[in-house]
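Below is protein-v1.cif, which holds mmCIF, C-alpha atoms.
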```cif
data_structure
#
loop_
_atom_site.group_PDB
_atom_site.id
_atom_site.type_symbol
_atom_site.label_atom_id
_atom_site.label_comp_id
_atom_site.auth_asym_id
_atom_site.auth_seq_id
_atom_site.Cartn_x
_atom_site.Cartn_y
_atom_site.Cartn_z
ATOM 1 C CA MET A 1 15.423 92.064 100.376
ATOM 2 C CA THR A 2 17.424 95.197 100.045
ATOM 3 C CA ARG A 3 18.800 96.338 96.804
ATOM 4 C CA ARG A 4 22.370 97.358 96.576
ATOM 5 C CA LYS A 5 23.399 100.396 94.760
ATOM 6 C CA ARG A 6 24.900 99.722 91.405
ATOM 7 C CA THR A 7 28.200 101.274 92.490
ATOM 8 C CA ASP A 8 28.507 98.769 95.363
ATOM 9 C CA LEU A 9 28.303 95.837 92.968
ATOM 10 C CA PHE A 10 31.214 97.086 90.885
ATOM 11 C CA ARG A 11 33.416 98.339 93.677
ATOM 12 C CA ARG A 12 36.969 97.159 93.168
ATOM 13 C CA ARG A 13 38.310 94.925 95.838
ATOM 14 C CA PRO A 14 41.999 95.121 96.645
ATOM 15 C CA LEU A 15 44.023 92.367 94.993
ATOM 16 C CA PHE A 16 46.020 91.671 98.156
ATOM 17 C CA PRO A 17 43.911 92.802 101.113
ATOM 18 C CA PHE A 18 46.486 91.577 103.632
ATOM 19 C CA LEU A 19 48.859 94.341 102.442
ATOM 20 C CA ARG A 20 46.637 96.926 104.095
ATOM 21 C CA LYS A 21 47.747 95.714 107.512
ATOM 22 C CA PRO A 22 51.255 96.223 108.941
ATOM 23 C CA ALA A 23 51.629 92.500 109.660
ATOM 24 C CA GLY A 24 51.018 91.679 105.993
ATOM 25 C CA GLN A 25 53.476 94.326 104.856
ATOM 26 C CA LEU A 26 56.093 92.972 107.257
ATOM 27 C CA ALA A 27 55.532 89.444 105.947
ATOM 28 C CA VAL A 28 56.189 90.604 102.373
ATOM 29 C CA VAL A 29 59.358 92.459 103.405
ATOM 30 C CA LEU A 30 60.642 89.380 105.254
ATOM 31 C CA LEU A 31 59.869 87.142 102.284
ATOM 32 C CA VAL A 32 61.790 89.421 99.914
ATOM 33 C CA ALA A 33 64.708 89.575 102.362
ATOM 34 C CA LEU A 34 64.761 85.766 102.578
ATOM 35 C CA ILE A 35 64.834 85.438 98.788
ATOM 36 C CA VAL A 36 67.694 87.949 98.504
ATOM 37 C CA TYR A 37 69.623 86.138 101.250
ATOM 38 C CA LEU A 38 69.196 82.736 99.576
ATOM 39 C CA ILE A 39 70.404 84.121 96.254
ATOM 40 C CA ALA A 40 73.439 85.705 97.920
ATOM 41 C CA VAL A 41 74.352 82.539 99.824
ATOM 42 C CA SER A 42 73.956 80.302 96.792
ATOM 43 C CA GLY A 43 76.225 82.594 94.790
ATOM 44 C CA VAL A 44 73.864 82.790 91.827
ATOM 45 C CA GLY A 45 75.411 85.126 89.313
ATOM 46 C CA ASN A 46 78.593 85.656 91.328
ATOM 47 C CA ASN A 47 80.564 82.659 90.196
ATOM 48 C CA LYS A 48 82.087 82.298 86.792
ATOM 49 C CA LEU A 49 83.957 79.118 87.782
ATOM 50 C CA ALA A 50 82.665 75.607 88.212
ATOM 51 C CA SER A 51 82.507 74.594 91.852
ATOM 52 C CA GLU A 52 84.568 71.466 91.238
ATOM 53 C CA VAL A 53 86.872 70.232 88.471
ATOM 54 C CA ASN A 54 88.698 66.978 87.865
ATOM 55 C CA VAL A 55 92.484 66.694 88.004
ATOM 56 C CA ASP A 56 92.973 67.285 84.273
ATOM 57 C CA GLU A 57 90.844 70.450 84.349
ATOM 58 C CA ALA A 58 92.708 71.578 87.464
ATOM 59 C CA PHE A 59 96.000 71.200 85.613
ATOM 60 C CA LEU A 60 94.657 73.432 82.830
ATOM 61 C CA MET A 61 93.675 76.059 85.415
ATOM 62 C CA TYR A 62 97.174 75.772 86.909
ATOM 63 C CA GLN A 63 98.711 76.334 83.466
ATOM 64 C CA ASP A 64 96.436 79.344 82.911
ATOM 65 C CA GLY A 65 97.778 81.007 86.057
ATOM 66 C CA ALA A 66 95.090 80.325 88.634
ATOM 67 C CA TYR A 67 96.070 80.951 92.250
ATOM 68 C CA VAL A 68 96.629 77.443 93.633
ATOM 69 C CA LEU A 69 95.753 77.188 97.309
ATOM 70 C CA ASP A 70 96.807 73.989 99.077
ATOM 71 C CA VAL A 71 94.864 73.329 102.289
ATOM 72 C CA SER A 72 96.815 70.197 103.273
ATOM 73 C CA TRP A 73 98.535 69.721 106.625
ATOM 74 C CA PRO A 74 102.075 71.183 106.800
ATOM 75 C CA ALA A 75 103.626 67.687 107.087
ATOM 76 C CA GLU A 76 101.837 66.655 103.882
ATOM 77 C CA TRP A 77 102.978 69.867 102.185
ATOM 78 C CA ASP A 78 106.588 69.148 103.165
ATOM 79 C CA GLU A 79 106.447 65.738 101.448
ATOM 80 C CA TYR A 80 105.288 67.178 98.120
ATOM 81 C CA HIS A 81 103.088 69.896 96.663
ATOM 82 C CA ILE A 82 102.291 71.690 93.413
ATOM 83 C CA PRO A 83 104.985 74.204 92.370
ATOM 84 C CA ALA A 84 103.984 77.842 93.031
ATOM 85 C CA ALA A 85 101.075 76.747 95.242
ATOM 86 C CA THR A 86 100.389 78.562 98.510
ATOM 87 C CA LEU A 87 99.909 76.629 101.735
ATOM 88 C CA ILE A 88 97.172 77.684 104.116
ATOM 89 C CA PRO A 89 96.037 74.650 106.134
ATOM 90 C CA LEU A 90 92.287 74.221 106.276
ATOM 91 C CA ASP A 91 92.156 74.802 110.041
ATOM 92 C CA GLN A 92 93.816 78.234 109.556
ATOM 93 C CA LEU A 93 91.952 79.350 106.431
ATOM 94 C CA TYR A 94 89.154 81.284 108.117
ATOM 95 C CA ASN A 95 91.617 83.411 110.086
ATOM 96 C CA ARG A 96 93.812 83.976 107.018
ATOM 97 C CA LEU A 97 91.161 84.903 104.446
ATOM 98 C CA GLY A 98 92.895 88.249 103.904
ATOM 99 C CA GLU A 99 95.877 86.444 102.357
ATOM 100 C CA VAL A 100 93.777 84.986 99.549
ATOM 101 C CA PRO A 101 93.630 87.239 96.470
ATOM 102 C CA ARG A 102 90.224 88.490 95.422
ATOM 103 C CA ASP A 103 91.277 89.431 91.897
ATOM 104 C CA ARG A 104 92.271 85.960 90.641
ATOM 105 C CA ASP A 105 90.614 82.646 90.013
ATOM 106 C CA ILE A 106 91.418 80.287 92.873
ATOM 107 C CA LEU A 107 91.983 76.542 92.655
ATOM 108 C CA ILE A 108 91.792 74.640 95.947
ATOM 109 C CA VAL A 109 93.840 71.443 96.221
ATOM 110 C CA SER A 110 94.636 69.065 99.053
ATOM 111 C CA ARG A 111 95.645 65.523 99.826
ATOM 112 C CA SER A 112 91.963 65.032 100.655
ATOM 113 C CA SER A 113 89.254 66.132 98.241
ATOM 114 C CA VAL A 114 86.924 66.571 101.252
ATOM 115 C CA SER A 115 89.240 69.246 102.660
ATOM 116 C CA SER A 116 89.292 70.950 99.267
ATOM 117 C CA GLN A 117 85.491 71.020 99.183
ATOM 118 C CA GLN A 118 85.277 72.483 102.697
ATOM 119 C CA ALA A 119 87.789 75.202 101.816
ATOM 120 C CA ARG A 120 85.941 75.925 98.565
ATOM 121 C CA ASP A 121 82.642 76.370 100.390
ATOM 122 C CA LEU A 122 84.250 78.728 102.905
ATOM 123 C CA LEU A 123 85.779 80.876 100.167
ATOM 124 C CA LEU A 124 82.592 80.845 98.101
ATOM 125 C CA SER A 125 80.691 82.185 101.097
ATOM 126 C CA ALA A 126 83.319 84.940 101.322
ATOM 127 C CA GLY A 127 82.502 85.906 97.727
ATOM 128 C CA LEU A 128 85.643 84.679 95.966
ATOM 129 C CA ASN A 129 85.911 83.035 92.526
ATOM 130 C CA VAL A 130 86.951 79.584 93.622
ATOM 131 C CA THR A 131 86.793 75.977 92.555
ATOM 132 C CA SER A 132 88.139 72.798 94.089
ATOM 133 C CA MET A 133 89.911 69.842 92.559
ATOM 134 C CA SER A 134 87.745 66.739 92.921
ATOM 135 C CA GLY A 135 90.748 64.430 93.051
ATOM 136 C CA SER A 136 93.550 64.497 95.557
ATOM 137 C CA LEU A 137 97.162 65.533 95.103
ATOM 138 C CA ASN A 138 97.952 61.818 94.889
ATOM 139 C CA GLU A 139 95.955 61.663 91.654
ATOM 140 C CA TRP A 140 97.790 64.789 90.437
ATOM 141 C CA TYR A 141 101.094 63.005 91.059
ATOM 142 C CA ILE A 142 99.966 59.729 89.452
ATOM 143 C CA LYS A 143 98.989 61.592 86.273
ATOM 144 C CA GLY A 144 102.534 62.925 86.049
ATOM 145 C CA TYR A 145 101.730 66.589 86.663
ATOM 146 C CA PRO A 146 104.503 68.708 88.213
ATOM 147 C CA ILE A 147 105.264 68.488 91.918
ATOM 148 C CA GLU A 148 107.952 69.702 94.272
ATOM 149 C CA GLY A 149 109.324 67.214 96.773
ATOM 150 C CA ALA A 150 109.285 63.469 96.662
ATOM 151 C CA PRO A 151 106.124 61.503 97.313
ATOM 152 C CA PRO A 152 106.519 58.280 99.261
ATOM 153 C CA GLN A 153 106.910 55.165 97.120
#
```
Spell out the structure here as structure tokens.
Amino acid sequence: MTRRKRTDLFRRRPLFPFLRKPAGQLAVVLLVALIVYLIAVSGVGNNKLASEVNVDEAFLMYQDGAYVLDVSWPAEWDEYHIPAATLIPLDQLYNRLGEVPRDRDILIVSRSSVSSQQARDLLLSAGLNVTSMSGSLNEWYIKGYPIEGAPPQ
């Protein structure tokens, strides 16, 4: 049996030996990049607005001067819409992102709350402060909030 030198017994081993190899270093860099990407996509820290509000909260945002973006179809817009709202149909929104202000809170509305959610997600991924109304414009009308045009009876 050979005796080890005392210095061999107390030699410090590296805490993360895999970091000595380029493949291990690359794995750490990729992991950090993935974490940064997931944080950026989720919008953590970027959003001061709730992602979705009910009709009453949407009306308060409207009164406070939020930019109201209606993503309804043009025929639906012609029937009735919120005063001072801007129409950009959902199917055109991606190509018209430059028309949406970056310096204001944005409220997305539509005849369909699903369309509002899709538009919200698109604008969130573009880094805007945006929220969608969980109810439809029909609910807005039923609650007696202001509209332009005449909804069908």
Discussion item. Can you pull out the residues contacting Leu128 (chain A)? Cut-off 10 Å, using only C-alpha atoms, and skip same-chain residues under 3 positions away; I want them as an NGL selection string.
Written reply: :A and (43 or 46-47 or 100-106 or 120-125 or 131)
Could you save the residues just selected, with C-alpha atoms, as a tab-separated table (two decimals), keeping the file's coordinate frame?
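Below is the file that was written, again-v6.tsv:
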```
chain	number	residue	atom	x	y	z
A	43	GLY	CA	76.22	82.59	94.79
A	46	ASN	CA	78.59	85.66	91.33
A	47	ASN	CA	80.56	82.66	90.20
A	100	VAL	CA	93.78	84.99	99.55
A	101	PRO	CA	93.63	87.24	96.47
A	102	ARG	CA	90.22	88.49	95.42
A	103	ASP	CA	91.28	89.43	91.90
A	104	ARG	CA	92.27	85.96	90.64
A	105	ASP	CA	90.61	82.65	90.01
A	106	ILE	CA	91.42	80.29	92.87
A	120	ARG	CA	85.94	75.92	98.56
A	121	ASP	CA	82.64	76.37	100.39
A	122	LEU	CA	84.25	78.73	102.90
A	123	LEU	CA	85.78	80.88	100.17
A	124	LEU	CA	82.59	80.84	98.10
A	125	SER	CA	80.69	82.18	101.10
A	131	THR	CA	86.79	75.98	92.56
```
Practice prompt. Using all atoms listed in the file, pick whichever of A:Tyr141, A:Ser72, A:His81, A:Ser136 has the shortest atom-to-atom distance to Ala119 (chain A).
Written response: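 Result for the nearest residue to Ala119 (chain A): A:Ser72.
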Practice prompt. Take the point (98.6, 78.9, 101.6) in the file's coordinates, draw a sphere of radius 9 Å around it, and report as a ChimeraX atom specification every protein, DNA or RNA residue with an atom inside or on it, counting all atoms listed in the file.
Written response: /A:68-71,85-89,93,96,99-100
Practice prompt. Counting all atoms listed in the file, select every polymer residue within 10 Å of (104.4, 77.6, 90.5) as defined in the file's coordinates, and provide the selection as a PyMOL selection string.
Written response: chain A and resi 62-63+65-68+81-86+146-148
Worksheet entry | Point-to-point distance in Å for CA of Val109 (chain A) and CA of Tyr37 (chain A) | 28.8 Å
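Among the candidates A:Ile142, A:Val114, A:Leu107, A:Ala126, the one nearest to Ala58 (chain A) when counting only C-alpha atoms is A:Leu107.
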Fill in: Output check: residues returned by the PyMOL selection byres ((chain A and resi 54) around 10), as a PyMOL selection string
chain A and resi 52-53+55-59+132-136+139-140
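CA of Leu60 (chain A) to CA of Asn138 (chain A) spans 17.1 Å [interatomic distance, one decimal].
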Could you work out an axis-aligned box for region 109-112 of chain A, taking every atom the file lists and adding 3 Å on each side, and report centre and edge lengths in Å to one decimal, as JSON?
```
{"center_x": 93.8, "center_y": 68.2, "center_z": 98.4, "size_x": 9.7, "size_y": 12.4, "size_z": 10.4}
```
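Taking CA of Arg20 (chain A) and CA of Ile39 (chain A) as endpoints, the distance between them is 28.1 Å.
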Response to the item:
Ser116 (chain A) proximity check over A:Ser51, A:Leu97, A:Arg13, A:Tyr80, using all atoms listed in the file: winner is A:Ser51
C-alpha atoms of region 33-146 of chain A from block above, as a PDB file, in the first residue's frame:
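Below is the file part-v6.pdb, written as the result:
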```pdb
ATOM      1  CA  ALA A  33     -29.264  32.566 -22.854  1.00  0.00           C
ATOM      2  CA  LEU A  34     -32.379  30.389 -22.516  1.00  0.00           C
ATOM      3  CA  ILE A  35     -33.218  31.913 -19.132  1.00  0.00           C
ATOM      4  CA  VAL A  36     -32.799  35.456 -20.489  1.00  0.00           C
ATOM      5  CA  TYR A  37     -34.974  34.611 -23.506  1.00  0.00           C
ATOM      6  CA  LEU A  38     -37.752  33.146 -21.339  1.00  0.00           C
ATOM      7  CA  ILE A  39     -37.758  36.223 -19.113  1.00  0.00           C
ATOM      8  CA  ALA A  40     -37.923  38.520 -22.144  1.00  0.00           C
ATOM      9  CA  VAL A  41     -40.756  36.571 -23.775  1.00  0.00           C
ATOM     10  CA  SER A  42     -42.789  36.371 -20.583  1.00  0.00           C
ATOM     11  CA  GLY A  43     -42.460  40.124 -20.125  1.00  0.00           C
ATOM     12  CA  VAL A  44     -41.396  39.860 -16.493  1.00  0.00           C
ATOM     13  CA  GLY A  45     -40.701  43.351 -15.270  1.00  0.00           C
ATOM     14  CA  ASN A  46     -41.761  45.015 -18.522  1.00  0.00           C
ATOM     15  CA  ASN A  47     -45.471  45.233 -17.940  1.00  0.00           C
ATOM     16  CA  LYS A  48     -47.092  47.595 -15.525  1.00  0.00           C
ATOM     17  CA  LEU A  49     -50.599  46.713 -16.758  1.00  0.00           C
ATOM     18  CA  ALA A  50     -52.689  43.658 -16.069  1.00  0.00           C
ATOM     19  CA  SER A  51     -52.920  41.392 -19.087  1.00  0.00           C
ATOM     20  CA  GLU A  52     -56.715  41.374 -18.985  1.00  0.00           C
ATOM     21  CA  VAL A  53     -59.397  43.525 -17.350  1.00  0.00           C
ATOM     22  CA  ASN A  54     -63.162  43.267 -17.135  1.00  0.00           C
ATOM     23  CA  VAL A  55     -65.488  45.723 -18.864  1.00  0.00           C
ATOM     24  CA  ASP A  56     -65.799  48.028 -15.848  1.00  0.00           C
ATOM     25  CA  GLU A  57     -62.011  48.253 -15.448  1.00  0.00           C
ATOM     26  CA  ALA A  58     -61.693  48.837 -19.191  1.00  0.00           C
ATOM     27  CA  PHE A  59     -64.098  51.761 -18.923  1.00  0.00           C
ATOM     28  CA  LEU A  60     -61.913  53.271 -16.190  1.00  0.00           C
ATOM     29  CA  MET A  61     -58.855  52.910 -18.440  1.00  0.00           C
ATOM     30  CA  TYR A  62     -60.834  54.570 -21.249  1.00  0.00           C
ATOM     31  CA  GLN A  63     -61.713  57.473 -18.940  1.00  0.00           C
ATOM     32  CA  ASP A  64     -58.059  57.783 -17.894  1.00  0.00           C
ATOM     33  CA  GLY A  65     -57.008  58.283 -21.514  1.00  0.00           C
ATOM     34  CA  ALA A  66     -55.705  54.878 -22.535  1.00  0.00           C
ATOM     35  CA  TYR A  67     -55.235  54.339 -26.266  1.00  0.00           C
ATOM     36  CA  VAL A  68     -58.222  52.177 -27.229  1.00  0.00           C
ATOM     37  CA  LEU A  69     -57.428  49.810 -30.078  1.00  0.00           C
ATOM     38  CA  ASP A  70     -60.386  48.001 -31.643  1.00  0.00           C
ATOM     39  CA  VAL A  71     -59.392  44.858 -33.555  1.00  0.00           C
ATOM     40  CA  SER A  72     -62.905  44.062 -34.824  1.00  0.00           C
ATOM     41  CA  TRP A  73     -63.785  43.548 -38.483  1.00  0.00           C
ATOM     42  CA  PRO A  74     -64.540  46.787 -40.391  1.00  0.00           C
ATOM     43  CA  ALA A  75     -68.225  45.811 -40.814  1.00  0.00           C
ATOM     44  CA  GLU A  76     -68.519  45.372 -37.038  1.00  0.00           C
ATOM     45  CA  TRP A  77     -66.767  48.708 -36.493  1.00  0.00           C
ATOM     46  CA  ASP A  78     -69.232  50.430 -38.830  1.00  0.00           C
ATOM     47  CA  GLU A  79     -72.182  49.183 -36.748  1.00  0.00           C
ATOM     48  CA  TYR A  80     -70.823  50.619 -33.496  1.00  0.00           C
ATOM     49  CA  HIS A  81     -67.576  51.214 -31.638  1.00  0.00           C
ATOM     50  CA  ILE A  82     -66.118  53.070 -28.663  1.00  0.00           C
ATOM     51  CA  PRO A  83     -65.712  56.829 -29.273  1.00  0.00           C
ATOM     52  CA  ALA A  84     -62.085  57.859 -29.953  1.00  0.00           C
ATOM     53  CA  ALA A  85     -61.048  54.228 -30.492  1.00  0.00           C
ATOM     54  CA  THR A  86     -58.724  53.326 -33.362  1.00  0.00           C
ATOM     55  CA  LEU A  87     -59.586  50.501 -35.738  1.00  0.00           C
ATOM     56  CA  ILE A  88     -56.862  48.114 -36.815  1.00  0.00           C
ATOM     57  CA  PRO A  89     -58.428  44.742 -37.675  1.00  0.00           C
ATOM     58  CA  LEU A  90     -56.666  41.792 -36.106  1.00  0.00           C
ATOM     59  CA  ASP A  91     -55.592  40.378 -39.479  1.00  0.00           C
ATOM     60  CA  GLN A  92     -53.779  43.673 -40.268  1.00  0.00           C
ATOM     61  CA  LEU A  93     -52.263  44.343 -36.842  1.00  0.00           C
ATOM     62  CA  TYR A  94     -48.884  42.706 -37.403  1.00  0.00           C
ATOM     63  CA  ASN A  95     -48.243  44.770 -40.533  1.00  0.00           C
ATOM     64  CA  ARG A  96     -49.435  47.976 -38.844  1.00  0.00           C
ATOM     65  CA  LEU A  97     -47.557  47.743 -35.540  1.00  0.00           C
ATOM     66  CA  GLY A  98     -45.864  51.068 -36.297  1.00  0.00           C
ATOM     67  CA  GLU A  99     -49.220  52.846 -35.960  1.00  0.00           C
ATOM     68  CA  VAL A 100     -49.634  51.777 -32.338  1.00  0.00           C
ATOM     69  CA  PRO A 101     -48.140  54.273 -29.866  1.00  0.00           C
ATOM     70  CA  ARG A 102     -45.362  53.021 -27.633  1.00  0.00           C
ATOM     71  CA  ASP A 103     -45.673  55.829 -25.096  1.00  0.00           C
ATOM     72  CA  ARG A 104     -49.242  55.148 -23.909  1.00  0.00           C
ATOM     73  CA  ASP A 105     -51.116  52.406 -22.149  1.00  0.00           C
ATOM     74  CA  ILE A 106     -53.094  50.411 -24.698  1.00  0.00           C
ATOM     75  CA  LEU A 107     -56.504  48.821 -24.207  1.00  0.00           C
ATOM     76  CA  ILE A 108     -57.492  46.188 -26.774  1.00  0.00           C
ATOM     77  CA  VAL A 109     -61.211  45.735 -27.444  1.00  0.00           C
ATOM     78  CA  SER A 110     -63.205  43.736 -29.963  1.00  0.00           C
ATOM     79  CA  ARG A 111     -66.556  42.139 -30.575  1.00  0.00           C
ATOM     80  CA  SER A 112     -64.787  38.902 -29.638  1.00  0.00           C
ATOM     81  CA  SER A 113     -62.713  38.656 -26.474  1.00  0.00           C
ATOM     82  CA  VAL A 114     -60.633  35.938 -28.199  1.00  0.00           C
ATOM     83  CA  SER A 115     -59.541  38.449 -30.846  1.00  0.00           C
ATOM     84  CA  SER A 116     -58.650  40.917 -28.100  1.00  0.00           C
ATOM     85  CA  GLN A 117     -56.483  38.307 -26.382  1.00  0.00           C
ATOM     86  CA  GLN A 118     -54.676  37.435 -29.624  1.00  0.00           C
ATOM     87  CA  ALA A 119     -53.977  41.109 -30.328  1.00  0.00           C
ATOM     88  CA  ARG A 120     -52.809  41.625 -26.740  1.00  0.00           C
ATOM     89  CA  ASP A 121     -50.349  38.746 -26.990  1.00  0.00           C
ATOM     90  CA  LEU A 122     -48.966  40.096 -30.267  1.00  0.00           C
ATOM     91  CA  LEU A 123     -48.446  43.569 -28.811  1.00  0.00           C
ATOM     92  CA  LEU A 124     -46.981  42.202 -25.584  1.00  0.00           C
ATOM     93  CA  SER A 125     -44.405  40.296 -27.613  1.00  0.00           C
ATOM     94  CA  ALA A 126     -43.587  43.588 -29.356  1.00  0.00           C
ATOM     95  CA  GLY A 127     -42.844  45.120 -25.946  1.00  0.00           C
ATOM     96  CA  LEU A 128     -45.846  47.424 -25.571  1.00  0.00           C
ATOM     97  CA  ASN A 129     -47.821  48.202 -22.392  1.00  0.00           C
ATOM     98  CA  VAL A 130     -51.071  46.536 -23.318  1.00  0.00           C
ATOM     99  CA  THR A 131     -54.083  44.883 -21.777  1.00  0.00           C
ATOM    100  CA  SER A 132     -57.219  43.393 -23.266  1.00  0.00           C
ATOM    101  CA  MET A 133     -60.840  43.668 -22.249  1.00  0.00           C
ATOM    102  CA  SER A 134     -62.119  40.252 -21.177  1.00  0.00           C
ATOM    103  CA  GLY A 135     -65.665  41.032 -22.265  1.00  0.00           C
ATOM    104  CA  SER A 136     -66.823  41.954 -25.721  1.00  0.00           C
ATOM    105  CA  LEU A 137     -68.055  45.280 -27.040  1.00  0.00           C
ATOM    106  CA  ASN A 138     -71.565  43.864 -26.655  1.00  0.00           C
ATOM    107  CA  GLU A 139     -71.029  43.780 -22.889  1.00  0.00           C
ATOM    108  CA  TRP A 140     -69.667  47.348 -23.059  1.00  0.00           C
ATOM    109  CA  TYR A 141     -72.883  48.417 -24.791  1.00  0.00           C
ATOM    110  CA  ILE A 142     -75.158  46.498 -22.397  1.00  0.00           C
ATOM    111  CA  LYS A 143     -73.534  48.235 -19.417  1.00  0.00           C
ATOM    112  CA  GLY A 144     -74.453  51.579 -20.955  1.00  0.00           C
ATOM    113  CA  TYR A 145     -70.921  52.783 -21.681  1.00  0.00           C
ATOM    114  CA  PRO A 146     -70.519  55.245 -24.573  1.00  0.00           C
TER     115      PRO A 146
END
```
